[in-house]
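Okay, so here's the structure we're looking at.
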Amino acid sequence: MPSLYSAEHLALQEEFGTTRMGALMDQGIAHDTLADDEIAFISSRDLFFLSTVDPEGMPTVSYKGGPVGFVKAIDATTLVFPGYDGNGMFYSLGNIVGQGKVGLLFIDFQTPHRLRVQGTAHYERNHALLADYPEAQYLVFVTIKKIWQNCPRYIHTYKKIETSKYVPGVCEVTPMPAWKRIDIVQDSISTEDQLRAANEGLIDFPSYEAKVKAGEA
């Protein structure tokens with residue numbers, strides 16, 4: 001497996017006196033194949049953070065949430081997760097299509113515990129596994145290059161209150177996000193969403209901002 005480090009990483013490890021620890025992580029802890037306990041941990045998560053890079057190498061990080069187990073291990077070197085309805089930017093997915101490099105951070109805020117994954121990714125709109133993900137628009141497949149656990153020292157302990165009502169299957173009918181009811185976005189959404197927004201009642205942008213601040217969006 002290629003080293004985790006560049007010359008800059010190694011220089012900083014030398015400066016701060018962590019060369020031996022860095023080598024241990026690089027040569028003994030980081031690996032490229034999922035262990036059974038790592039598959040179990042990933043399967044128990046209902047959220048993760050996804051990093052991608054744009055054509056200029058500028059990184060971005062997105063929060064991804066879903067039902068427990070929405071990220072699945074296809075095998076010891078491949079993960080898959082669904083792409084649900086979003087804001088229409090396709091920012092992370094565009095970076096995946098363009099550059100293909102991803103980082104995934106899985107965190108258990110209650111234990112606490114975390115696992116990092118780096119790899120390359122691609123998406124598919126027509127795949128048999130889509131049947132396992134109601135309301136998903138596509139699937140992202142990640143080919144793993146590196147995996148390692150991090151010290152959980154600075155992870156604050158939080159208790160989960162409830163699953164988001166927008167996760168498919170939580171409600172009998174998945175609610176419409178409030179932003180799709182904003183009057184100024186109606187020409188930018190689908191005809192189906194326009195009809196639903198009109199039925200539920202349009203709102204102006206200040207009203208939407210108020211909902212966001214109140215946690216009602």
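In the structure tokens, chains take letters A, B, ... by order of appearance, with residues numbered from 1 within each chain and ligands from 1 in the order shown.
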Just asking: which residues within range 20-157 of chain A are strand (DSSP E or B) according to DSSP, as a ChimeraX atom specification? /A:31,47-53,59-65,72-75,78-83,101-108,113-124,138-149
Quick one: which range 149-186 of chain A residues come within 12 Å of range 117-133 of chain A, and what is the nearest atom pair for each with the distance in Å to one decimal, counting only C-alpha atoms, rows ordered by chain and ascending number, as CSV?
residue,atom,partner,partner_atom,distance
A:Gln149,CA,A:Val117,CA,8.9
A:Asn150,CA,A:Val117,CA,10.8
A:Val167,CA,A:Tyr133,CA,10.7
A:Pro168,CA,A:Tyr133,CA,8.4
A:Gly169,CA,A:Tyr133,CA,9.8
Polymer residues at most 12 Å from range 29-45 of chain A, only C-alpha atoms, same-chain spacing of 5 or more positions, as a PyMOL selection string: chain A and resi 1-5+21-24+64-81+104-119+143-151+160+163
Could you turn the residues from that selection into a file that holds C-alpha atoms, as a PDB file, in the first residue's frame?
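Done, and the output landed in selection_15.pdb:
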ATOM      1  CA  MET A   1       0.000   0.000   0.000  1.00  0.00           C
ATOM      2  CA  PRO A   2       1.396   3.463  -0.868  1.00  0.00           C
ATOM      3  CA  SER A   3       2.492   5.655   2.018  1.00  0.00           C
ATOM      4  CA  LEU A   4       0.029   8.050   3.615  1.00  0.00           C
ATOM      5  CA  TYR A   5       2.643  10.780   3.629  1.00  0.00           C
ATOM      6  CA  MET A  21       4.390   7.459  15.671  1.00  0.00           C
ATOM      7  CA  GLY A  22       3.821   8.524  12.080  1.00  0.00           C
ATOM      8  CA  ALA A  23       5.697   5.492  10.799  1.00  0.00           C
ATOM      9  CA  LEU A  24       3.655   3.188  13.035  1.00  0.00           C
ATOM     10  CA  LYS A  64     -24.600  12.557   4.543  1.00  0.00           C
ATOM     11  CA  GLY A  65     -27.411  11.040   6.568  1.00  0.00           C
ATOM     12  CA  GLY A  66     -29.837   8.172   6.076  1.00  0.00           C
ATOM     13  CA  PRO A  67     -31.249   5.099   7.789  1.00  0.00           C
ATOM     14  CA  VAL A  68     -28.941   2.939   9.879  1.00  0.00           C
ATOM     15  CA  GLY A  69     -26.822   0.842   7.526  1.00  0.00           C
ATOM     16  CA  PHE A  70     -27.317   3.039   4.460  1.00  0.00           C
ATOM     17  CA  VAL A  71     -23.596   2.684   3.722  1.00  0.00           C
ATOM     18  CA  LYS A  72     -22.915  -0.935   2.832  1.00  0.00           C
ATOM     19  CA  ALA A  73     -19.776  -2.971   2.284  1.00  0.00           C
ATOM     20  CA  ILE A  74     -20.117  -4.843  -1.002  1.00  0.00           C
ATOM     21  CA  ASP A  75     -16.857  -6.618  -0.243  1.00  0.00           C
ATOM     22  CA  ALA A  76     -13.679  -5.959   1.732  1.00  0.00           C
ATOM     23  CA  THR A  77     -12.574  -3.130  -0.574  1.00  0.00           C
ATOM     24  CA  THR A  78     -15.844  -1.598  -1.809  1.00  0.00           C
ATOM     25  CA  LEU A  79     -18.491   0.567  -0.159  1.00  0.00           C
ATOM     26  CA  VAL A  80     -21.757   1.836  -1.592  1.00  0.00           C
ATOM     27  CA  PHE A  81     -24.091   4.610  -0.454  1.00  0.00           C
ATOM     28  CA  LEU A 104     -15.274   9.315   4.289  1.00  0.00           C
ATOM     29  CA  LEU A 105     -15.358   9.917   8.027  1.00  0.00           C
ATOM     30  CA  PHE A 106     -17.622   7.676  10.113  1.00  0.00           C
ATOM     31  CA  ILE A 107     -18.260   8.795  13.694  1.00  0.00           C
ATOM     32  CA  ASP A 108     -20.103   7.334  16.658  1.00  0.00           C
ATOM     33  CA  PHE A 109     -20.785  10.352  18.874  1.00  0.00           C
ATOM     34  CA  GLN A 110     -22.160   8.240  21.715  1.00  0.00           C
ATOM     35  CA  THR A 111     -19.300   5.793  22.284  1.00  0.00           C
ATOM     36  CA  PRO A 112     -17.224   7.749  20.896  1.00  0.00           C
ATOM     37  CA  HIS A 113     -15.360   6.167  17.977  1.00  0.00           C
ATOM     38  CA  ARG A 114     -14.346   7.095  14.427  1.00  0.00           C
ATOM     39  CA  LEU A 115     -13.062   5.501  11.236  1.00  0.00           C
ATOM     40  CA  ARG A 116     -11.522   7.162   8.192  1.00  0.00           C
ATOM     41  CA  VAL A 117     -11.660   5.845   4.639  1.00  0.00           C
ATOM     42  CA  GLN A 118      -9.942   7.172   1.524  1.00  0.00           C
ATOM     43  CA  GLY A 119     -10.575   5.953  -1.992  1.00  0.00           C
ATOM     44  CA  THR A 143     -13.079   1.611  -4.052  1.00  0.00           C
ATOM     45  CA  ILE A 144     -11.045   1.730  -0.852  1.00  0.00           C
ATOM     46  CA  LYS A 145      -7.395   2.748  -0.901  1.00  0.00           C
ATOM     47  CA  LYS A 146      -6.719   3.384   2.804  1.00  0.00           C
ATOM     48  CA  ILE A 147      -8.555   2.785   6.097  1.00  0.00           C
ATOM     49  CA  TRP A 148      -7.558   3.702   9.610  1.00  0.00           C
ATOM     50  CA  GLN A 149      -9.021   4.395  13.018  1.00  0.00           C
ATOM     51  CA  ASN A 150      -8.361   7.675  14.793  1.00  0.00           C
ATOM     52  CA  CYS A 151      -8.061   8.439  18.482  1.00  0.00           C
ATOM     53  CA  LYS A 160     -29.218  10.946  19.373  1.00  0.00           C
ATOM     54  CA  THR A 163     -34.004  10.238  13.054  1.00  0.00           C
TER      55      THR A 163
END
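Shell of range 59-61 of chain A at 8 Å, with only C-alpha atoms counted and residues fewer than 4 places along the chain excluded, is Phe49, Leu50, Ser51, Thr52, Val53, Asp54 and Ser92 of chain A.
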Keeping only N, CA and C atoms, write the selected residues to a file as a CSV table (one decimal), in the first residue's frame.
chain,number,residue,atom,x,y,z
A,49,PHE,N,-19.4,11.9,7.0
A,49,PHE,CA,-19.0,13.1,6.3
A,49,PHE,C,-18.2,12.7,5.1
A,50,LEU,N,-18.5,13.3,4.0
A,50,LEU,CA,-17.9,13.0,2.7
A,50,LEU,C,-17.1,14.2,2.2
A,51,SER,N,-15.8,13.9,1.9
A,51,SER,CA,-15.0,15.0,1.3
A,51,SER,C,-14.7,14.7,-0.1
A,52,THR,N,-14.7,15.7,-0.9
A,52,THR,CA,-14.3,15.6,-2.4
A,52,THR,C,-13.5,16.8,-2.7
A,53,VAL,N,-12.9,16.7,-3.9
A,53,VAL,CA,-12.1,17.9,-4.4
A,53,VAL,C,-12.6,18.3,-5.8
A,54,ASP,N,-12.5,19.7,-6.0
A,54,ASP,CA,-13.0,20.2,-7.3
A,54,ASP,C,-11.8,20.2,-8.3
A,92,SER,N,-20.9,17.6,-4.7
A,92,SER,CA,-20.1,16.5,-4.3
A,92,SER,C,-20.0,15.5,-5.5
Non-local contacts of range 181-186 of chain A (12 Å; only C-alpha atoms; under 3 positions in same chain excluded) as a list of chain:residue names: A:Asn87, A:Gly88, A:Pro175, A:Met176, A:Pro177, A:Ala178, A:Ile189, A:Ser190, A:Thr191, A:Glu192, A:Asp193, A:Gln194, A:Leu195, A:Arg196, A:Ala197, A:Ala198, A:Asn199, A:Glu200, A:Gly201, A:Leu202, A:Ile203, A:Asp204, A:Phe205, A:Pro206, A:Ser207, A:Tyr208, A:Glu209, A:Lys211, A:Ala217
Could you give me the residues within range 6-217 of chain A that DSSP places in helix (DSSP H, G or I), as a PyMOL selection string? chain A and resi 7-16+19-29+36-43+91-98+128-132+178-181+183-188+191-200+205-214
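Between CA of Gly57 in chain A and CA of Ser6 in chain A the interatomic distance comes to 16.0 Å.
Compared by their closest atoms to Pro82 in chain A, and using only C-alpha atoms, the residues A:Phe141, A:Phe16, A:Phe48, A:Tyr63 rank with A:Phe141 nearest.
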